[in-house]
Structure formats: C-alpha cells, structure tokens
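The next block holds one structure in the form of structure tokens; read it before the comments.
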Amino acid sequence: MTQNILVLPGDGIGKEIVAEAIKVIEVLKADFGLDVELSHGLIGGAAYDEYKHPYPEETQKLAHAADAILLGAVGGYEYEALPRDLRPERGLLGIRADLKLFSNLRPAILNAELADASSLKPEVVSGLDIMIVRELTGGIYFGEPRGIRELENGEKQGYNTLVYKESEIEQIAHSAFQIAMKRDKRLCSVDKANVLEVMELWHEVVERVGKEYPEVELSHMYVDNAAMQLVKEPKQFDVMVTGNMFGDILSDAAAMLTGSIGMLPSASLDINGKGMYEPIHGSAPDIAGKNIANPLATITSVSMMLRYSLDHIELADKIDAAVEAVLKQGLRTQDIFADAEGTTAVSTSEIGDAVVSALRSL
Ligand code: IPM
Ligand code: MG
C-alpha cells in the first residue's frame with residue numbers, strides 16, 4: 001500500500017534543505033521501488049503568513065492522515081514580535097503535542113570523515129555513537145501553571161512548572177530501554193534528583209521499568225555531571241534518556257561533538273511508531289536563501305523515517321551509504337568545510353545532487 005509522507009518545510013533554510021531530501025525520495029521511488037506519495041503543508045512562520053496560525057487546522061488534518069512527516073525547521077526574525085502563542089516555535093510544540101510524539105531520538109554519530117571538524121580532540125570523539133532519548137511532550141515545556149504575573153508590589157514574576165506523571169516517565173523509559181536493547185544495552189538516565197522532587201520520581205520510575213529489561217545496564221547521572229561527561233569522555237555513553245528540557249540542552253551539546261549540528265537527524269515517535277523526522281538544527285535565518293546550508297541532516301532524517309516508521313531498512317542503509325560516499329569524495333558544505341586536502345566546498349544543491357548520484361551508483 002502506498003504510504004503518505006507529509007512534507008513540512010517550515011521557515012528559513014527549511015525549504016532549501018527539504019528540497020534536497022525530496023530529490024532523494026524521488027530517486028528511491030524511481031529507481032528503488034519505494035512506494036510513497038508526498039503531501040505538502042505549512043508550519044511555523046510560513047503557516048502564520050498564510051493562515052495566521054503556526055499549526056493551522058489544514059496542517060493538522062494532513063498530519064493525522066500521514067504515515068510519516070518530514071519537517072525542515074521553523075522560526076525567523078520577522079516573527080519574534082508576535083504574541084507567544086502565534087510564534088513559529090509554538091507550531092512545532094503544537095504538532096508534537098497533537099500527535100503525541102513523546103519519544104524524541106537524537107543520535108550523535110561521528111562520521112569518520114569528519115573527525116577533524118569536532119572541537120574536541122579526534123581521539124576523544126572518533127567512533128562516537130550516542131543515542132539521546134528525549135521526552136518530548138511533557139515536563140516544563142508543557143507544565144501548567146505557566147505565565148508572567150504581577151506581584152502585589154508591582155514587580156513581575158515569570159513562572160513555569162516542571163511536572164512528570166509516572167505514566168509519562170514509564171512510557172519514555174520503555175522507549176529508551178527498547179532502543180538500548182537494539183544497541184549496546186547500556187542506558188544512562190539523566191536527572192536532577194538531588195534537588196527536584198519530580199526528578200526523584202523520574203529516577204524511581206526508570207529504576208522500576210529497568211527491572212523489565214535485566215539485560216540492559218542502567219545507570220543514573222545528574223544533568224550537570226552529564227553535561228560535563230559529554231564533553232570530557234563522550235564515548236562512555238550508549239543511550240541516554242532524559243526529560244524535555246535537559247534533552248533539549250544535552251542534545252545540542254552532543255550534536256556539536258560531531259563537528260556540526262548540520263549533520264544530525266532526529267525522530268519524534270508516538271506509541272505506534274508513527275513519527276515526525278527533522279534535522280535537529282534550526283531554521284538559520286541568517287543563511288536562508290543562500291544555497292549554503294547543509295542538507296545532510298534532513299537527508300538522513302529520511303533515512304531514519306525509512307528505518308523507524310516506514311519499515312524499509314534496506315533503503316535507509318542505502319541513504320546512509322550514499323551520504324558516507326559523498327563525504328568520502330571530500331564534498332563539504334561550509335559548516336563542515338575545514339579546507340583540508342582533498343575536500344571541496346560545495347553548495348546545498350550540489351551536495352544534494354551528489355547524494356543522488358551516489359545513490360544511483362550504489
Ligand atoms: C529543538 C528546538 C525546539 C525545542 C524549539 C525550536 C522549540 O530547540 O527541537 O531542540 O526547544 O524543543
Ligand atoms: Mg533544541
């Protein structure tokens with residue numbers, strides 16, 4: 001049966017990088033028998049421009065009907081003055097919540113070709129392969145009450161609430177243990193149980209769920225130490241599981257270990273494995289429209305989609321091999337270009353075309 005992929009380019013460089021990923025999907029359809037159709041929708045600022053909402057009903061309908069979603073990025077300077085509820089970021093949070101995409105997988109894999117692009121010494125990062133599992137639909141991002149209020153003395157006070165229910169922790173813990181089972185069977189749960197009650201519960205529930213996965217070696221780490229360990233000795237980690245905000249922060253740090261945030265894909269999955277796939281970087285409005293952004297994270301997001309939602313592991317492997325081949329050829333967008341011998345600086349569309357020809361010649 002033909003599967004439907006909803007394409008949501010979003011804002012900034014989103015359109016350019018998604019265009020390259022679509023080229024790859026078209027080759028898989030034409031030459032490798034992939035049976036998918038694409039639908040197209042708007043999210044973020046682009047949706048606000050058209051519908052005055054960052055996640056409008058039109059997009060909601062398309063999202064519910066799709067088997068998987070490919071998203072570019074959201075956000076732009078021109079939307080910063082909008083009321084909070086209408087900002088592009090709210091579109092992203094809205095679709096995550098609406099589709100109950102609670103499990104966010106953010107791999108940080110160092111491509112051997114790019115060991116020199118990392119800000120850490122090559123021996124610290126070579127062979128790096130971490131999977132961060134971030135809880136995505138709860139925690140302080142969604143906790144109520146929230147707001148900015150005026151105190152009796154007229155001073156303003158901002159407040160948010162960090163809450164997790166047992167069921168939410170159980171769900172993300174199962175997701176993380178299952179992923180660990182398919183990898184090196186080591187899971188590190190990151191919390192702040194020394195200070196926050198909600199994290200004390202987190203620790204306790206993860207420990208309890210762990211009893212169902214006796215083969216997985218479970219450890220716990222406070223988030224401040226985890227941040228330090230990530231830059232000190234990142235290869236100690238296999239899978240990390242953490243809440244929404246800690247995951248947001250740690251995944252950016254982990255991404256940079258690999259040299260460029262422009263290289264990393266992500267998956268956000270619901271309980272049935274339906275997912276939204278997006279590069280972990282943002283919309284980079286400063287370089288939008290210049291044909292210099294790195295589309296490889298978006299292209300490997302398609303690979304994750306084939307692996308986790310559409311059940312085409314062999315095609316996912318082909319995309320990964322094609323990306324690897326292109327890096328071996330020395331082609332680099334500017335974010336990963338180090339002016340080393342044998343490397344050539346190329347544009348967004350040139351590297352996309354190179355992936356396409358590498359795929360064809362596999
Ligand atoms: C991310 C981003 C988002 C987040 C923003 C754009 C709302 O930083 O996906 O990591 O904080 O979750
Ligand atoms: Mg982030």
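Each chain in the structure tokens gets a letter, A, B, ..., in the order shown, and its residues are numbered from 1; ligands are numbered from 1 in order too.
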
Practice item. List all protein, DNA and RNA residues that have any atom at most 9 Å from ligand 2, counting only C-alpha atoms and all ligand atoms, and write the list as a PyMOL selection string. Key: chain A and resi 245+247-252+280-282

Please write the residues from the selection above to a file, keeping all heavy atoms, as a PDB file, in the first residue's frame.
```
ATOM      1  N   MET A 245      13.436  19.350  28.808  1.00  0.00           N
ATOM      2  CA  MET A 245      14.375  20.481  28.764  1.00  0.00           C
ATOM      3  C   MET A 245      15.836  20.032  28.836  1.00  0.00           C
ATOM      4  O   MET A 245      16.681  20.531  28.095  1.00  0.00           O
ATOM      5  CB  MET A 245      14.086  21.473  29.892  1.00  0.00           C
ATOM      6  CG  MET A 245      14.970  22.701  29.784  1.00  0.00           C
ATOM      7  SD  MET A 245      14.360  24.124  30.675  1.00  0.00           S
ATOM      8  CE  MET A 245      14.544  23.584  32.349  1.00  0.00           C
ATOM      9  N   GLY A 247      16.965  17.310  27.790  1.00  0.00           N
ATOM     10  CA  GLY A 247      17.240  16.683  26.491  1.00  0.00           C
ATOM     11  C   GLY A 247      17.497  17.719  25.409  1.00  0.00           C
ATOM     12  O   GLY A 247      18.326  17.523  24.520  1.00  0.00           O
ATOM     13  N   ASP A 248      16.769  18.813  25.494  1.00  0.00           N
ATOM     14  CA  ASP A 248      16.977  19.904  24.535  1.00  0.00           C
ATOM     15  C   ASP A 248      18.417  20.391  24.619  1.00  0.00           C
ATOM     16  O   ASP A 248      19.112  20.540  23.610  1.00  0.00           O
ATOM     17  CB  ASP A 248      16.007  21.047  24.859  1.00  0.00           C
ATOM     18  CG  ASP A 248      16.186  22.235  23.938  1.00  0.00           C
ATOM     19  OD1 ASP A 248      16.300  22.016  22.721  1.00  0.00           O
ATOM     20  OD2 ASP A 248      16.215  23.378  24.436  1.00  0.00           O
ATOM     21  N   ILE A 249      18.881  20.582  25.839  1.00  0.00           N
ATOM     22  CA  ILE A 249      20.209  21.159  26.047  1.00  0.00           C
ATOM     23  C   ILE A 249      21.315  20.140  25.739  1.00  0.00           C
ATOM     24  O   ILE A 249      22.246  20.417  24.979  1.00  0.00           O
ATOM     25  CB  ILE A 249      20.330  21.663  27.504  1.00  0.00           C
ATOM     26  CG1 ILE A 249      19.265  22.737  27.764  1.00  0.00           C
ATOM     27  CG2 ILE A 249      21.731  22.201  27.767  1.00  0.00           C
ATOM     28  CD1 ILE A 249      19.060  23.084  29.226  1.00  0.00           C
ATOM     29  N   LEU A 250      21.170  18.954  26.303  1.00  0.00           N
ATOM     30  CA  LEU A 250      22.234  17.951  26.117  1.00  0.00           C
ATOM     31  C   LEU A 250      22.367  17.533  24.653  1.00  0.00           C
ATOM     32  O   LEU A 250      23.462  17.234  24.186  1.00  0.00           O
ATOM     33  CB  LEU A 250      21.966  16.711  26.981  1.00  0.00           C
ATOM     34  CG  LEU A 250      22.061  16.929  28.494  1.00  0.00           C
ATOM     35  CD1 LEU A 250      21.741  15.628  29.221  1.00  0.00           C
ATOM     36  CD2 LEU A 250      23.438  17.452  28.910  1.00  0.00           C
ATOM     37  N   SER A 251      21.249  17.534  23.933  1.00  0.00           N
ATOM     38  CA  SER A 251      21.353  17.078  22.539  1.00  0.00           C
ATOM     39  C   SER A 251      22.074  18.098  21.658  1.00  0.00           C
ATOM     40  O   SER A 251      22.730  17.721  20.693  1.00  0.00           O
ATOM     41  CB  SER A 251      19.989  16.693  21.963  1.00  0.00           C
ATOM     42  OG  SER A 251      19.123  17.798  21.938  1.00  0.00           O
ATOM     43  N   ASP A 252      21.977  19.379  21.988  1.00  0.00           N
ATOM     44  CA  ASP A 252      22.771  20.356  21.229  1.00  0.00           C
ATOM     45  C   ASP A 252      24.261  20.154  21.509  1.00  0.00           C
ATOM     46  O   ASP A 252      25.094  20.209  20.599  1.00  0.00           O
ATOM     47  CB  ASP A 252      22.389  21.795  21.596  1.00  0.00           C
ATOM     48  CG  ASP A 252      21.352  22.389  20.648  1.00  0.00           C
ATOM     49  OD1 ASP A 252      20.533  21.602  20.126  1.00  0.00           O
ATOM     50  OD2 ASP A 252      21.348  23.612  20.439  1.00  0.00           O
ATOM     51  N   ILE A 280      18.136  18.266  13.582  1.00  0.00           N
ATOM     52  CA  ILE A 280      17.997  18.861  14.916  1.00  0.00           C
ATOM     53  C   ILE A 280      18.359  20.347  14.924  1.00  0.00           C
ATOM     54  O   ILE A 280      18.108  21.038  15.886  1.00  0.00           O
ATOM     55  CB  ILE A 280      18.764  18.083  16.014  1.00  0.00           C
ATOM     56  CG1 ILE A 280      20.206  18.525  16.121  1.00  0.00           C
ATOM     57  CG2 ILE A 280      18.699  16.597  15.859  1.00  0.00           C
ATOM     58  CD1 ILE A 280      20.709  18.250  17.521  1.00  0.00           C
ATOM     59  N   HIS A 281      18.943  20.843  13.855  1.00  0.00           N
ATOM     60  CA  HIS A 281      19.289  22.270  13.830  1.00  0.00           C
ATOM     61  C   HIS A 281      18.052  23.125  13.554  1.00  0.00           C
ATOM     62  O   HIS A 281      16.992  22.611  13.222  1.00  0.00           O
ATOM     63  CB  HIS A 281      20.371  22.535  12.783  1.00  0.00           C
ATOM     64  CG  HIS A 281      19.957  22.156  11.391  1.00  0.00           C
ATOM     65  ND1 HIS A 281      19.008  22.842  10.692  1.00  0.00           N
ATOM     66  CD2 HIS A 281      20.362  21.140  10.579  1.00  0.00           C
ATOM     67  CE1 HIS A 281      18.849  22.282   9.507  1.00  0.00           C
ATOM     68  NE2 HIS A 281      19.644  21.238   9.414  1.00  0.00           N
ATOM     69  N   GLY A 282      18.232  24.424  13.677  1.00  0.00           N
ATOM     70  CA  GLY A 282      17.113  25.345  13.490  1.00  0.00           C
ATOM     71  C   GLY A 282      17.020  25.885  12.072  1.00  0.00           C
ATOM     72  O   GLY A 282      17.620  25.334  11.134  1.00  0.00           O
TER      73      GLY A 282
END
```

Exercise answer, 10 Å around ligand 1 with only C-alpha atoms and all ligand atoms, as a ChimeraX atom specification | /A:44,73-75,87-94,96,104,106,134,136-137,141,244-252,266,268,278-283

Give me every strand (DSSP E) residue in region 180-264 of chain A, going by DSSP on the backbone, as number ranges by chain.
A: 186-191, 217-222, 239-242

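One finds CA of Gly10 (chain A) at 9.5 Å from CA of Pro54 (chain A).
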
| query | Nearest to Lys328 (chain A): which of A:Asn291, A:Ser357, A:Thr343, A:Thr242 is it, counting only C-alpha atoms? | reply |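 Looking only at the distances to Lys328 (chain A), the closest residue turns out to be A:Thr343.
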
Can you list, as an mmCIF file with N, CA and C atoms, in the first residue's frame, every protein, DNA or RNA residue that comes within 8 Å of Gly289 (chain A) when you count only C-alpha atoms, leaving out same-chain residues fewer than 6 positions away?
```cif
data_model
loop_
_atom_site.group_PDB
_atom_site.id
_atom_site.type_symbol
_atom_site.label_atom_id
_atom_site.label_comp_id
_atom_site.auth_asym_id
_atom_site.auth_seq_id
_atom_site.Cartn_x
_atom_site.Cartn_y
_atom_site.Cartn_z
ATOM 1 N N GLY A 12 12.948 29.672 6.940
ATOM 2 C CA GLY A 12 14.399 29.835 6.810
ATOM 3 C C GLY A 12 14.990 28.833 5.825
ATOM 4 N N ILE A 13 16.061 28.160 6.254
ATOM 5 C CA ILE A 13 16.703 27.193 5.361
ATOM 6 C C ILE A 13 15.852 25.937 5.165
ATOM 7 N N GLU A 16 15.054 24.969 1.566
ATOM 8 C CA GLU A 16 16.193 24.515 0.742
ATOM 9 C C GLU A 16 16.633 23.102 1.095
#
```

Using only C-alpha atoms, the residue out of A:Ala322, A:Leu269, A:Ala66, A:Met228 with shortest distance to Leu6 (chain A) is A:Ala66

* To do: Return the single residue from A:Leu71, A:Ile313, A:Ala338, A:Ala21 that is closest to Asn294 (chain A), with distances computed using only C-alpha atoms.
  =>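 Under the stated criterion, the closest residue is A:Ala21.
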
Requested in this report: Could you tell me, as a PyMOL selection string, which residues of region 138-270 of chain A DSSP assigns to helix (DSSP H, G or I) when given the backbone?
Outcome: chain A and resi 139-141+166-181+197-210+223-232+234-236+244-257+261-263

Save out the residues we just selected, C-alpha atoms, as a compact mmCIF listing (two decimals), in the first residue's frame.
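out20.txt written:
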```
# COMPACT_ATOMS: atom_id res chain seq x y z
CA GLY A 139 7.93 18.39 31.52
CA ILE A 140 8.46 22.10 31.87
CA TYR A 141 7.71 22.75 28.19
CA GLU A 166 4.50 8.18 36.48
CA SER A 167 2.82 7.10 33.25
CA GLU A 168 4.80 9.64 31.23
CA ILE A 169 8.08 8.53 32.76
CA GLU A 170 7.21 4.87 32.23
CA GLN A 171 6.43 5.47 28.58
CA ILE A 172 9.69 7.22 27.77
CA ALA A 173 11.67 4.76 29.88
CA HIS A 174 10.25 1.80 27.93
CA SER A 175 11.07 3.56 24.69
CA ALA A 176 14.67 4.13 25.82
CA PHE A 177 15.16 0.59 27.15
CA GLN A 178 13.85 -0.85 23.89
CA ILE A 179 16.32 1.24 21.92
CA ALA A 180 19.14 0.20 24.28
CA MET A 181 18.21 -3.44 23.64
CA GLU A 197 11.19 16.03 43.67
CA VAL A 198 9.89 15.48 40.14
CA MET A 199 13.30 14.06 39.23
CA GLU A 200 13.32 11.88 42.34
CA LEU A 201 10.19 10.28 40.92
CA TRP A 202 11.83 10.10 37.49
CA HIS A 203 14.76 8.19 38.98
CA GLU A 204 12.50 5.80 40.88
CA VAL A 205 10.24 5.03 37.90
CA VAL A 206 13.15 4.49 35.47
CA GLU A 207 14.70 2.13 38.01
CA ARG A 208 11.39 0.23 38.26
CA VAL A 209 10.93 -0.06 34.50
CA GLY A 210 14.53 -1.25 34.30
CA VAL A 223 22.37 16.56 34.49
CA ASP A 224 25.24 18.87 35.40
CA ASN A 225 27.64 15.95 35.55
CA ALA A 226 26.16 14.53 32.33
CA ALA A 227 26.92 17.81 30.55
CA MET A 228 30.48 17.64 31.81
CA GLN A 229 30.93 13.97 30.93
CA LEU A 230 29.60 14.61 27.42
CA VAL A 231 32.46 16.95 26.66
CA LYS A 232 35.04 15.10 28.75
CA PRO A 234 31.58 11.20 25.44
CA LYS A 235 32.30 7.65 24.33
CA GLN A 236 31.27 6.30 27.75
CA ASN A 244 12.24 17.51 27.75
CA MET A 245 14.38 20.48 28.76
CA PHE A 246 17.52 18.59 29.77
CA GLY A 247 17.24 16.68 26.49
CA ASP A 248 16.98 19.90 24.53
CA ILE A 249 20.21 21.16 26.05
CA LEU A 250 22.23 17.95 26.12
CA SER A 251 21.35 17.08 22.54
CA ASP A 252 22.77 20.36 21.23
CA ALA A 253 26.00 19.70 23.12
CA ALA A 254 26.14 16.11 21.87
CA ALA A 255 25.48 17.28 18.33
CA MET A 256 28.41 19.64 18.38
CA LEU A 257 30.74 16.81 19.41
CA ILE A 261 24.84 20.49 14.10
CA GLY A 262 24.12 20.38 10.36
CA MET A 263 24.79 16.64 10.27
```

| For Leu359 (chain A), the nearest of the candidates A:Asp67, A:Glu341, A:Asp31, A:Glu37, counting only C-alpha atoms |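 Ranking A:Asp67, A:Glu341, A:Asp31, A:Glu37 by distance to Leu359 (chain A), first place goes to A:Asp31.
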
Practice prompt. Extract, using only C-alpha atoms, all DNA, RNA and protein residues at most 8 Å from Ile271 (chain A), discarding same-chain residues fewer than 5 positions from it, and format them as a VMD selection string.
Written response: chain A and resid 100 to 102

(Q) Can you measure CA of Arg332 (chain A) to CA of Pro9 (chain A) for me? One decimal in Å is fine. (A)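 Taking CA of Arg332 (chain A) and CA of Pro9 (chain A), their separation equals 22.5 Å.
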
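The two atoms in question, CA of Ala358 (chain A) and CA of Arg183 (chain A), are spaced 27.8 Å apart.
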